[in-house]
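**Student:** Structure provided below as structure tokens; questions to follow.
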Amino acid sequence: MKQTTNLVSISRRKALSMLAAAGAIGFAGVPAYAGGAEVAAKIKTLAGGKSVGEGSIILDLPEIAENGNAVKVAFSVESPMTANNYVKAVHVMADGNPTPDVASFNFTPAMGACSASTRMRLAKTQNIVVLAEMNDGSFKKAQQTVKVTIGGCGG
Amino acid sequence: MAKIKPRVKVPKKAAAGDIVEIKALISHPMHTGRAKNKKTGKKIPRKIINKFTASFNGQEVFVANFEPAVSANPYIAFPFKASESGNFTFTWVEDGGAEFKASKKMSVS
Amino acid sequence: MRIAVIITMALGLVATAAYAKTPYHDGTAEVIKPTDERHPLSEIVSGYDFRKAMIRDVQDDDFENPAMLIADYGEELWDTVDGSAGKSLSEVFQGCAEVPLNQAGALYPRFHEGAGKVVSLEQLINMCRETAMGAKPYKWEKRELLGITSYIRMQSRGARVNVVVDGRAADSFKRGEKLYYQRVGQLDMSCAHCHEDNYGNYIRADMLSQGNINGFPTYRLKWNGVGSTHRRFRGCMKNIRAKPLPYGHEDYVALELYVAWRGNGLKVETPAYRN
């Protein structure tokens, strides 16, 4: 009871981190999740340490997924997709799965546009990070959280 | 292998310059290698479709590399700019190297 | 122990949450008024309208819906010659089903004159295989039976469910109704506790529907595949800690007839996609 009162008086951010810590203890012994650090390291490797910009990427992800077994992930990257100016590759990562990689896509100017849609497994509520690699060697990224609800009825 | 069958949507006709959408589905359990068989308690070994490629008139135009986080019965949709009539070939590659193929014609005017 | 479980379940049943965003909650669902005065509800709504867009969008597009992979396989089997009579199901179905192909999906389960009892669509298919084709029956929940059942029911897609529960089907209907309201299992619950009293509410994070079966066989994310109505019944039984009955059990056929009747007037959606 006392703890509840304490929680009310602390900041939302702190409460969330406390909850996260409690969750981590609760899940000890369960396989470790990738986490934001692993995704950040992955981006660093892919981008070769270059700075990664924001913008140009539109994500289409559900706010709430009613089941984590097949969550839509779709994106489009603004690009003229000409021989001189196109998106080479897009990497989709998730920071709450056992491993961060979800899928990667190689694009060509013949496609005329840069977009794709697929379905992924999400172990829990987490952030989805999409990293786009342009043909000139520059990188862009976008990120969004997807809430995964665990259903009450199996069968 | 009759059990693994793809399903692809390509418009039969398109006008030159149009950007068309292609959709592809294949039946596959996408075993992650983490799940256990409920009856035997043994781990089900990883077996996924790890790669999907789309070629048009022999030229590779799009590749998707899948990890175990891609859902069972993997689905992929992507755009393509119609410029000439021709034939699409789609290939799904399974862990271990088995390949599944589908092809579709598109006429462009 | 049991009380603790019941309390947990009761707490899990949260009144309609603000973030529902389903057609049922925002008023865009197709709501049918029951025409049969025996119907216990004043509105009939498909399970589709209790789902969020992520789920509905997949069902709306046959090229996104993974259930179509199985229906395609069913179409292949439909025209495949099998058994000692040298015939395919497509050649014998109409005579054997006692109804046209494009209505079978809306009319079954149904009292079958030849069999002298109410049979489900799966049972009808196997009857046709055994008697008219001289072929072995397919096993329940195998790709073959799910595929061909999906394919046949799909031929009625868009037609209104219209199962007949009077006349010689009346006994089975009454049996199904009794089973629907019968408390079973360690949780001592009936179908009605969730699907009549609490549809539109959450049970933990899951939105309860009316439990209509107009989309079966359906693809469920929980299953990562397609399953039959009886598989769903078995799942519900396990959820309430009751012993599930075998596939094709007479009681499940009766319950299927009754539940299908509760959805009379809804469009056949097979193959549906659910969470």
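Chain labels run A, B, ... following the order of the structure tokens; each chain numbers its residues from 1, and ligands are numbered from 1 in the order shown.
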List every residue of range 41-234 of chain C that DSSP, applied to the backbone of this structure, places in strand (DSSP E or B), and write the result as an MDAnalysis selection string.
**Tutor:** chainID C and resid 44 81:82 87:88 110:112 117:119 160 184 189 202:203 206:207 218:220 225:227
**Student:** Save the residues we just selected, C-alpha atoms, as a PDB file, in the first residue's frame?
**Tutor:**
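Saved file selection-v1.pdb follows:
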```pdb
ATOM      1  CA  ILE C  44     -26.018 -10.631 -34.052  1.00  0.00           C
ATOM      2  CA  VAL C  81      -9.858 -38.342 -58.567  1.00  0.00           C
ATOM      3  CA  ASP C  82      -9.564 -40.557 -55.510  1.00  0.00           C
ATOM      4  CA  LYS C  87     -14.310 -40.022 -59.149  1.00  0.00           C
ATOM      5  CA  SER C  88     -13.437 -36.659 -57.675  1.00  0.00           C
ATOM      6  CA  ARG C 110     -27.745 -30.015 -41.471  1.00  0.00           C
ATOM      7  CA  PHE C 111     -30.002 -33.009 -41.068  1.00  0.00           C
ATOM      8  CA  HIS C 112     -28.850 -35.397 -43.777  1.00  0.00           C
ATOM      9  CA  LYS C 117     -28.804 -37.479 -38.516  1.00  0.00           C
ATOM     10  CA  VAL C 118     -27.344 -33.993 -38.333  1.00  0.00           C
ATOM     11  CA  VAL C 119     -23.850 -33.884 -39.799  1.00  0.00           C
ATOM     12  CA  ARG C 160     -26.225 -15.669 -45.268  1.00  0.00           C
ATOM     13  CA  VAL C 184     -18.563 -27.423 -17.159  1.00  0.00           C
ATOM     14  CA  MET C 189     -18.458 -21.900 -16.834  1.00  0.00           C
ATOM     15  CA  TYR C 202     -12.165  -7.830 -22.468  1.00  0.00           C
ATOM     16  CA  ILE C 203     -11.102 -11.053 -20.829  1.00  0.00           C
ATOM     17  CA  ASP C 206      -8.628 -10.478 -25.349  1.00  0.00           C
ATOM     18  CA  MET C 207     -11.825  -8.985 -26.713  1.00  0.00           C
ATOM     19  CA  THR C 218     -10.525 -20.004 -39.792  1.00  0.00           C
ATOM     20  CA  TYR C 219      -6.871 -19.025 -39.602  1.00  0.00           C
ATOM     21  CA  ARG C 220      -5.906 -18.167 -36.052  1.00  0.00           C
ATOM     22  CA  GLY C 225      -2.700 -22.027 -39.044  1.00  0.00           C
ATOM     23  CA  VAL C 226      -6.235 -22.996 -39.957  1.00  0.00           C
ATOM     24  CA  GLY C 227      -8.526 -24.944 -37.640  1.00  0.00           C
TER      25      GLY C 227
END
```
**Student:** At a cut-off of 8 Å, list the chain B residues touching chain A, using only C-alpha atoms, as a PyMOL selection string.
**Tutor:** chain B and resi 19+61-72+74-81
**Student:** Would you export the selected residues with C-alpha atoms as a compact mmCIF listing (two decimals), in the first residue's frame, please?
**Tutor:**
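Done, and the output landed in part.txt:
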```
# COMPACT_ATOMS: atom_id res chain seq x y z
CA ILE B 19 3.94 1.24 -60.35
CA VAL B 61 14.85 -6.79 -58.96
CA PHE B 62 14.09 -7.40 -55.28
CA VAL B 63 15.45 -9.54 -52.46
CA ALA B 64 14.06 -10.11 -48.98
CA ASN B 65 16.18 -11.81 -46.34
CA PHE B 66 14.07 -13.32 -43.58
CA GLU B 67 15.12 -14.05 -40.01
CA PRO B 68 13.23 -16.34 -37.60
CA ALA B 69 11.23 -13.28 -36.47
CA VAL B 70 9.28 -13.36 -39.73
CA SER B 71 5.85 -14.92 -39.17
CA ALA B 72 4.75 -18.38 -40.21
CA PRO B 74 5.62 -15.50 -44.74
CA TYR B 75 4.01 -12.67 -46.65
CA ILE B 76 5.77 -10.02 -48.69
CA ALA B 77 4.46 -7.14 -50.77
CA PHE B 78 6.59 -4.76 -52.84
CA PRO B 79 6.30 -2.34 -55.78
CA PHE B 80 7.52 -2.72 -59.35
CA LYS B 81 7.59 -0.20 -62.17
```
**Student:** Report the closest atom pair, with its distance in Å rounded to one decimal, for each residue of chain C that has an atom no farther than 7 Å from chain A; count only C-alpha atoms, sort by chain and then rising residue number, and write it as a Markdown table.
**Tutor:**
```
| residue | atom | partner | partner_atom | distance |
| --- | --- | --- | --- | --- |
| C:Met54 | CA | A:Pro62 | CA | 6.5 |
| C:Ile203 | CA | A:Gly152 | CA | 5.6 |
| C:Arg204 | CA | A:Gly152 | CA | 5.1 |
| C:Ala205 | CA | A:Gly151 | CA | 5.0 |
| C:Asp206 | CA | A:Gly151 | CA | 4.5 |
| C:Leu221 | CA | A:Asn69 | CA | 5.9 |
| C:Lys222 | CA | A:Gly154 | CA | 6.9 |
| C:Arg232 | CA | A:Gly155 | CA | 6.2 |
| C:Arg234 | CA | A:Gly155 | CA | 6.7 |
| C:Gly235 | CA | A:Gly155 | CA | 3.2 |
| C:Cys236 | CA | A:Gly155 | CA | 6.0 |
| C:Lys238 | CA | A:Gly155 | CA | 6.7 |
| C:Asn239 | CA | A:Cys153 | CA | 6.6 |
| C:Asn275 | CA | A:Asn67 | CA | 5.8 |
```
**Student:** For CA of Ser42 in chain C and CA of Pro23 in chain C, determine how far apart the two atoms are, in Å to one decimal place.
**Tutor:**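 According to the coordinates, CA of Ser42 in chain C and CA of Pro23 in chain C are separated by 17.3 Å.
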**Student:** Restricting the calculation to only C-alpha atoms, which member of C:Gly95, C:Gly116, C:Gly147, C:Gly211 is positioned closest to chain B?
**Tutor:**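 That would be C:Gly147, the residue with the smallest distance to chain B.
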**Student:** Give me, as an NGL selection string, the residues of chain B touching chain C, with the criterion being at most 7 Å (counting only C-alpha atoms).
**Tutor:** :B and (7 or 9 or 23 or 27 or 72-73 or 75)
**Student:** Emit the selected residues as a CSV table (one decimal), in the first residue's frame, including all heavy atoms.
**Tutor:**
```csv
chain,number,residue,atom,x,y,z
B,7,ARG,N,1.7,-18.5,-53.3
B,7,ARG,CA,0.5,-17.8,-53.9
B,7,ARG,C,0.9,-16.4,-54.2
B,7,ARG,O,1.4,-15.7,-53.3
B,7,ARG,CB,-0.6,-17.8,-52.8
B,7,ARG,CG,-2.0,-17.5,-53.2
B,7,ARG,CD,-2.9,-17.7,-52.0
B,7,ARG,NE,-4.0,-16.8,-52.2
B,7,ARG,CZ,-5.1,-17.0,-53.0
B,7,ARG,NH1,-5.2,-18.2,-53.6
B,7,ARG,NH2,-6.0,-16.1,-53.1
B,9,LYS,N,0.4,-12.6,-56.4
B,9,LYS,CA,-0.5,-11.7,-57.1
B,9,LYS,C,0.3,-10.7,-57.9
B,9,LYS,O,1.1,-9.9,-57.3
B,9,LYS,CB,-1.4,-10.9,-56.1
B,9,LYS,CG,-2.5,-10.1,-56.9
B,9,LYS,CD,-3.2,-9.2,-55.9
B,9,LYS,CE,-4.3,-8.4,-56.6
B,9,LYS,NZ,-4.9,-7.5,-55.7
B,23,LYS,N,2.3,-9.2,-54.5
B,23,LYS,CA,2.1,-9.8,-53.2
B,23,LYS,C,2.4,-11.2,-53.3
B,23,LYS,O,2.0,-11.9,-54.3
B,23,LYS,CB,0.6,-9.6,-52.7
B,23,LYS,CG,0.2,-8.2,-52.5
B,23,LYS,CD,-1.2,-8.1,-52.1
B,23,LYS,CE,-1.5,-6.6,-51.9
B,23,LYS,NZ,-2.9,-6.4,-51.4
B,27,SER,N,3.2,-21.1,-47.9
B,27,SER,CA,2.9,-21.8,-46.6
B,27,SER,C,4.2,-22.4,-46.1
B,27,SER,O,4.9,-23.2,-46.8
B,27,SER,CB,1.9,-23.0,-46.9
B,27,SER,OG,2.3,-23.7,-48.0
B,72,ALA,N,5.1,-17.2,-39.5
B,72,ALA,CA,4.7,-18.4,-40.2
B,72,ALA,C,4.0,-18.0,-41.5
B,72,ALA,O,3.3,-17.0,-41.4
B,72,ALA,CB,3.9,-19.3,-39.4
B,73,ASN,N,4.1,-18.8,-42.5
B,73,ASN,CA,3.4,-18.5,-43.8
B,73,ASN,C,3.8,-17.0,-44.3
B,73,ASN,O,3.0,-16.2,-44.4
B,73,ASN,CB,1.9,-18.6,-43.7
B,73,ASN,CG,1.5,-19.9,-43.2
B,73,ASN,OD1,1.9,-21.0,-43.7
B,73,ASN,ND2,0.7,-20.0,-42.2
B,75,TYR,N,4.7,-13.5,-45.7
B,75,TYR,CA,4.0,-12.7,-46.7
B,75,TYR,C,4.9,-11.5,-47.0
B,75,TYR,O,5.6,-11.0,-46.1
B,75,TYR,CB,2.7,-12.1,-46.0
B,75,TYR,CG,2.1,-11.0,-46.8
B,75,TYR,CD1,1.4,-11.2,-47.9
B,75,TYR,CD2,2.2,-9.7,-46.3
B,75,TYR,CE1,0.8,-10.2,-48.6
B,75,TYR,CE2,1.6,-8.6,-47.0
B,75,TYR,CZ,0.9,-8.9,-48.2
B,75,TYR,OH,0.3,-7.9,-48.9
```
**Student:** With distances taken over only C-alpha atoms, which of C:Gly158, C:Pro40, C:Pro109, C:Pro271 is nearest to Gly248 in chain C?
**Tutor:** C:Pro109
**Student:** Counting only C-alpha atoms, what is within 9 Å of Leu145 in chain C, bar same-chain residues fewer than 5 positions away, as a list in words?
**Tutor:**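 Once the adjacent positions are removed, what remains is Gly74, Glu122, Ile125, Asn126, Pro137, Tyr138, Lys139, Trp140 and Ser150 of chain C.
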**Student:** Produce a file of the selected residues containing C-alpha atoms, as a compact mmCIF listing (two decimals), in the first residue's frame.
**Tutor:**
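Saved file part-v4.txt follows:
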```txt
# COMPACT_ATOMS: atom_id res chain seq x y z
CA GLY C 74 -8.66 -27.76 -50.98
CA GLU C 122 -16.48 -32.12 -42.42
CA ILE C 125 -17.23 -34.53 -47.00
CA ASN C 126 -16.03 -37.77 -45.47
CA PRO C 137 -12.17 -40.50 -44.96
CA TYR C 138 -9.76 -37.66 -44.23
CA LYS C 139 -8.54 -37.20 -40.67
CA TRP C 140 -9.82 -34.22 -38.66
CA SER C 150 -12.52 -24.30 -46.43
```
**Student:** Near Pro246 in chain C, within 10 Å and counting only C-alpha atoms, which residues show up once chain neighbours fewer than 4 positions away are dropped, as a PDB file with N, CA and C atoms, in the first residue's frame?
**Tutor:**
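The resulting file, part.pdb, is shown below:
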```
ATOM      1  N   TRP C 140      -9.515 -35.567 -39.156  1.00  0.00           N
ATOM      2  CA  TRP C 140      -9.824 -34.222 -38.660  1.00  0.00           C
ATOM      3  C   TRP C 140      -8.544 -33.434 -38.427  1.00  0.00           C
ATOM      4  N   HIS C 230     -14.616 -27.420 -34.366  1.00  0.00           N
ATOM      5  CA  HIS C 230     -14.445 -28.345 -33.244  1.00  0.00           C
ATOM      6  C   HIS C 230     -13.121 -28.109 -32.521  1.00  0.00           C
ATOM      7  N   ARG C 231     -12.101 -27.669 -33.268  1.00  0.00           N
ATOM      8  CA  ARG C 231     -10.840 -27.342 -32.609  1.00  0.00           C
ATOM      9  C   ARG C 231     -11.050 -26.152 -31.666  1.00  0.00           C
ATOM     10  N   ARG C 234     -12.837 -27.272 -28.604  1.00  0.00           N
ATOM     11  CA  ARG C 234     -11.894 -27.973 -27.717  1.00  0.00           C
ATOM     12  C   ARG C 234     -11.024 -26.961 -26.969  1.00  0.00           C
ATOM     13  N   GLU C 250     -20.758 -36.320 -31.415  1.00  0.00           N
ATOM     14  CA  GLU C 250     -22.171 -35.978 -31.623  1.00  0.00           C
ATOM     15  C   GLU C 250     -22.565 -34.692 -30.876  1.00  0.00           C
ATOM     16  N   ASP C 251     -22.026 -34.537 -29.663  1.00  0.00           N
ATOM     17  CA  ASP C 251     -22.333 -33.335 -28.884  1.00  0.00           C
ATOM     18  C   ASP C 251     -21.749 -32.080 -29.539  1.00  0.00           C
ATOM     19  N   TYR C 252     -20.558 -32.208 -30.115  1.00  0.00           N
ATOM     20  CA  TYR C 252     -19.964 -31.051 -30.787  1.00  0.00           C
ATOM     21  C   TYR C 252     -20.731 -30.699 -32.068  1.00  0.00           C
TER      22      TYR C 252
END
```
**Student:** Please give the complete set of residues from range 167-199 of chain C that DSSP, run on the backbone, assigns to helix (DSSP H, G or I), formatted as a list in words.
**Tutor:**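 Those residues are Gly167, Arg168, Ala169, Ala170, Asp171, Ser172, Phe173, Lys174, Arg175, Gly176, Glu177, Lys178, Leu179, Tyr180, Tyr181, Cys191, Ala192, His193, Cys194 and His195 of chain C.
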**Student:** Let me see the file: selected residues, all heavy atoms, as a compact mmCIF listing (two decimals), in the first residue's frame.
**Tutor:**
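The resulting file, out_0.txt, is reproduced below:
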```txt
# COMPACT_ATOMS: atom_id res chain seq x y z
N GLY C 167 -37.92 -29.52 -37.38
CA GLY C 167 -38.16 -30.82 -37.99
C GLY C 167 -37.21 -31.86 -37.41
O GLY C 167 -37.03 -31.95 -36.19
N ARG C 168 -36.54 -32.58 -38.31
CA ARG C 168 -35.72 -33.69 -37.83
C ARG C 168 -34.39 -33.22 -37.22
O ARG C 168 -33.64 -34.02 -36.68
CB ARG C 168 -35.51 -34.68 -38.97
CG ARG C 168 -36.86 -35.29 -39.39
CD ARG C 168 -36.74 -36.22 -40.55
NE ARG C 168 -36.12 -37.49 -40.15
CZ ARG C 168 -35.80 -38.44 -41.02
NH1 ARG C 168 -35.99 -38.26 -42.31
NH2 ARG C 168 -35.27 -39.56 -40.59
N ALA C 169 -34.12 -31.92 -37.33
CA ALA C 169 -32.91 -31.40 -36.70
C ALA C 169 -33.19 -30.93 -35.27
O ALA C 169 -32.27 -30.57 -34.54
CB ALA C 169 -32.35 -30.24 -37.52
N ALA C 170 -34.47 -30.95 -34.87
CA ALA C 170 -34.87 -30.34 -33.59
C ALA C 170 -34.19 -30.96 -32.37
O ALA C 170 -33.78 -30.25 -31.46
CB ALA C 170 -36.39 -30.40 -33.44
N ASP C 171 -34.04 -32.28 -32.38
CA ASP C 171 -33.43 -32.94 -31.22
C ASP C 171 -31.97 -32.49 -31.04
O ASP C 171 -31.53 -32.20 -29.94
CB ASP C 171 -33.46 -34.46 -31.38
CG ASP C 171 -34.88 -35.01 -31.17
OD1 ASP C 171 -35.73 -34.23 -30.68
OD2 ASP C 171 -35.11 -36.19 -31.50
N SER C 172 -31.27 -32.46 -32.15
CA SER C 172 -29.87 -32.06 -32.12
C SER C 172 -29.75 -30.60 -31.67
O SER C 172 -28.88 -30.25 -30.87
CB SER C 172 -29.26 -32.26 -33.51
OG SER C 172 -27.91 -31.95 -33.50
N PHE C 173 -30.66 -29.78 -32.17
CA PHE C 173 -30.67 -28.36 -31.80
C PHE C 173 -30.87 -28.18 -30.29
O PHE C 173 -30.15 -27.43 -29.64
CB PHE C 173 -31.79 -27.64 -32.57
CG PHE C 173 -31.99 -26.21 -32.17
CD1 PHE C 173 -31.07 -25.24 -32.54
CD2 PHE C 173 -33.12 -25.83 -31.45
CE1 PHE C 173 -31.27 -23.91 -32.17
CE2 PHE C 173 -33.32 -24.50 -31.08
CZ PHE C 173 -32.39 -23.54 -31.44
N LYS C 174 -31.84 -28.93 -29.76
CA LYS C 174 -32.11 -28.83 -28.31
C LYS C 174 -30.92 -29.30 -27.50
O LYS C 174 -30.58 -28.71 -26.47
CB LYS C 174 -33.36 -29.66 -27.96
CG LYS C 174 -34.63 -28.90 -28.24
CD LYS C 174 -35.86 -29.67 -27.74
CE LYS C 174 -37.08 -29.24 -28.52
NZ LYS C 174 -37.72 -30.38 -29.21
N ARG C 175 -30.30 -30.36 -27.98
CA ARG C 175 -29.11 -30.88 -27.31
C ARG C 175 -28.00 -29.80 -27.32
O ARG C 175 -27.36 -29.55 -26.31
CB ARG C 175 -28.64 -32.14 -28.04
CG ARG C 175 -27.33 -32.71 -27.57
CD ARG C 175 -27.53 -33.70 -26.41
NE ARG C 175 -26.25 -34.05 -25.81
CZ ARG C 175 -26.02 -34.05 -24.51
NH1 ARG C 175 -26.98 -33.71 -23.68
NH2 ARG C 175 -24.84 -34.39 -24.03
N GLY C 176 -27.83 -29.17 -28.45
CA GLY C 176 -26.80 -28.13 -28.58
C GLY C 176 -27.08 -26.95 -27.66
O GLY C 176 -26.17 -26.42 -27.02
N GLU C 177 -28.35 -26.57 -27.58
CA GLU C 177 -28.73 -25.45 -26.72
C GLU C 177 -28.43 -25.77 -25.26
O GLU C 177 -27.90 -24.95 -24.52
CB GLU C 177 -30.23 -25.16 -26.90
CG GLU C 177 -30.70 -23.96 -26.08
CD GLU C 177 -32.20 -23.70 -26.24
OE1 GLU C 177 -32.96 -24.69 -26.40
OE2 GLU C 177 -32.59 -22.53 -26.21
N LYS C 178 -28.73 -27.01 -24.87
CA LYS C 178 -28.49 -27.43 -23.49
C LYS C 178 -26.99 -27.37 -23.19
O LYS C 178 -26.57 -26.87 -22.15
CB LYS C 178 -29.02 -28.86 -23.32
CG LYS C 178 -29.08 -29.29 -21.88
CD LYS C 178 -29.82 -30.63 -21.71
CE LYS C 178 -29.42 -31.24 -20.37
NZ LYS C 178 -28.64 -32.47 -20.51
N LEU C 179 -26.20 -27.85 -24.15
CA LEU C 179 -24.74 -27.85 -23.94
C LEU C 179 -24.20 -26.43 -23.84
O LEU C 179 -23.27 -26.16 -23.09
CB LEU C 179 -24.05 -28.59 -25.10
CG LEU C 179 -24.28 -30.09 -25.16
CD1 LEU C 179 -23.88 -30.65 -26.52
CD2 LEU C 179 -23.50 -30.80 -24.05
N TYR C 180 -24.80 -25.53 -24.60
CA TYR C 180 -24.33 -24.14 -24.63
C TYR C 180 -24.45 -23.48 -23.25
O TYR C 180 -23.60 -22.69 -22.86
CB TYR C 180 -25.14 -23.34 -25.65
CG TYR C 180 -24.59 -21.96 -25.94
CD1 TYR C 180 -23.65 -21.78 -26.96
CD2 TYR C 180 -25.01 -20.85 -25.22
CE1 TYR C 180 -23.13 -20.52 -27.24
CE2 TYR C 180 -24.50 -19.58 -25.49
CZ TYR C 180 -23.57 -19.42 -26.51
OH TYR C 180 -23.06 -18.18 -26.77
N TYR C 181 -25.50 -23.83 -22.54
CA TYR C 181 -25.75 -23.20 -21.24
C TYR C 181 -25.27 -24.04 -20.06
O TYR C 181 -25.43 -23.63 -18.91
CB TYR C 181 -27.24 -22.88 -21.08
CG TYR C 181 -27.69 -21.75 -21.99
CD1 TYR C 181 -28.37 -22.01 -23.17
CD2 TYR C 181 -27.38 -20.43 -21.66
CE1 TYR C 181 -28.76 -20.98 -24.02
CE2 TYR C 181 -27.78 -19.39 -22.50
CZ TYR C 181 -28.46 -19.67 -23.68
OH TYR C 181 -28.84 -18.65 -24.51
N CYS C 191 -20.63 -21.74 -22.19
CA CYS C 191 -20.34 -20.88 -23.36
C CYS C 191 -20.92 -19.48 -23.13
O CYS C 191 -20.32 -18.48 -23.48
CB CYS C 191 -21.00 -21.45 -24.62
SG CYS C 191 -20.55 -23.15 -25.00
N ALA C 192 -22.13 -19.47 -22.52
CA ALA C 192 -22.89 -18.22 -22.37
C ALA C 192 -22.19 -17.20 -21.50
O ALA C 192 -22.33 -15.99 -21.70
CB ALA C 192 -24.28 -18.52 -21.82
N HIS C 193 -21.41 -17.65 -20.51
CA HIS C 193 -20.76 -16.70 -19.61
C HIS C 193 -19.87 -15.73 -20.37
O HIS C 193 -19.79 -14.55 -20.04
CB HIS C 193 -19.93 -17.45 -18.55
CG HIS C 193 -20.80 -18.09 -17.51
ND1 HIS C 193 -20.93 -19.44 -17.38
CD2 HIS C 193 -21.60 -17.54 -16.57
CE1 HIS C 193 -21.79 -19.71 -16.39
NE2 HIS C 193 -22.21 -18.57 -15.90
N CYS C 194 -19.17 -16.24 -21.35
CA CYS C 194 -18.32 -15.35 -22.15
C CYS C 194 -19.07 -14.76 -23.35
O CYS C 194 -19.07 -13.56 -23.56
CB CYS C 194 -17.09 -16.11 -22.66
SG CYS C 194 -15.84 -16.40 -21.39
N HIS C 195 -19.69 -15.64 -24.13
CA HIS C 195 -20.14 -15.22 -25.46
C HIS C 195 -21.56 -14.65 -25.51
O HIS C 195 -21.97 -14.10 -26.52
CB HIS C 195 -19.95 -16.37 -26.45
CG HIS C 195 -18.50 -16.77 -26.57
ND1 HIS C 195 -17.56 -15.93 -27.13
CD2 HIS C 195 -17.83 -17.86 -26.15
CE1 HIS C 195 -16.37 -16.52 -27.07
NE2 HIS C 195 -16.50 -17.69 -26.48
```
**Student:** Which residues, written as a list of chain:residue names, have at least one atom at most 12 Å from Gly49 in chain A, with only C-alpha atoms counted and residues fewer than 5 positions away on the same chain left out?
**Tutor:**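 Residues meeting the cut-off are A:Ala40, A:Ala41, A:Lys42, A:Ile43, A:Lys44, A:Gly137, A:Ser138, A:Phe139.
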**Student:** Create the file for the chosen residues now, containing N, CA and C atoms and written as a compact mmCIF listing (two decimals), in the first residue's frame.
**Tutor:**
```txt
# COMPACT_ATOMS: atom_id res chain seq x y z
N ALA A 40 21.23 -0.75 -31.31
CA ALA A 40 22.12 0.40 -31.59
C ALA A 40 23.46 -0.09 -32.14
N ALA A 41 23.97 -1.17 -31.55
CA ALA A 41 25.25 -1.72 -32.01
C ALA A 41 25.13 -2.23 -33.44
N LYS A 42 24.02 -2.84 -33.71
CA LYS A 42 23.75 -3.38 -35.04
C LYS A 42 23.72 -2.25 -36.08
N ILE A 43 23.05 -1.15 -35.71
CA ILE A 43 22.96 0.00 -36.62
C ILE A 43 24.36 0.57 -36.87
N LYS A 44 25.15 0.63 -35.81
CA LYS A 44 26.51 1.17 -35.91
C LYS A 44 27.33 0.34 -36.90
N GLY A 137 25.60 5.83 -49.84
CA GLY A 137 26.26 5.44 -48.59
C GLY A 137 25.70 6.12 -47.36
N SER A 138 24.68 6.96 -47.53
CA SER A 138 24.09 7.60 -46.35
C SER A 138 22.97 6.72 -45.77
N PHE A 139 22.63 7.00 -44.53
CA PHE A 139 21.64 6.18 -43.81
C PHE A 139 20.55 7.03 -43.18
```
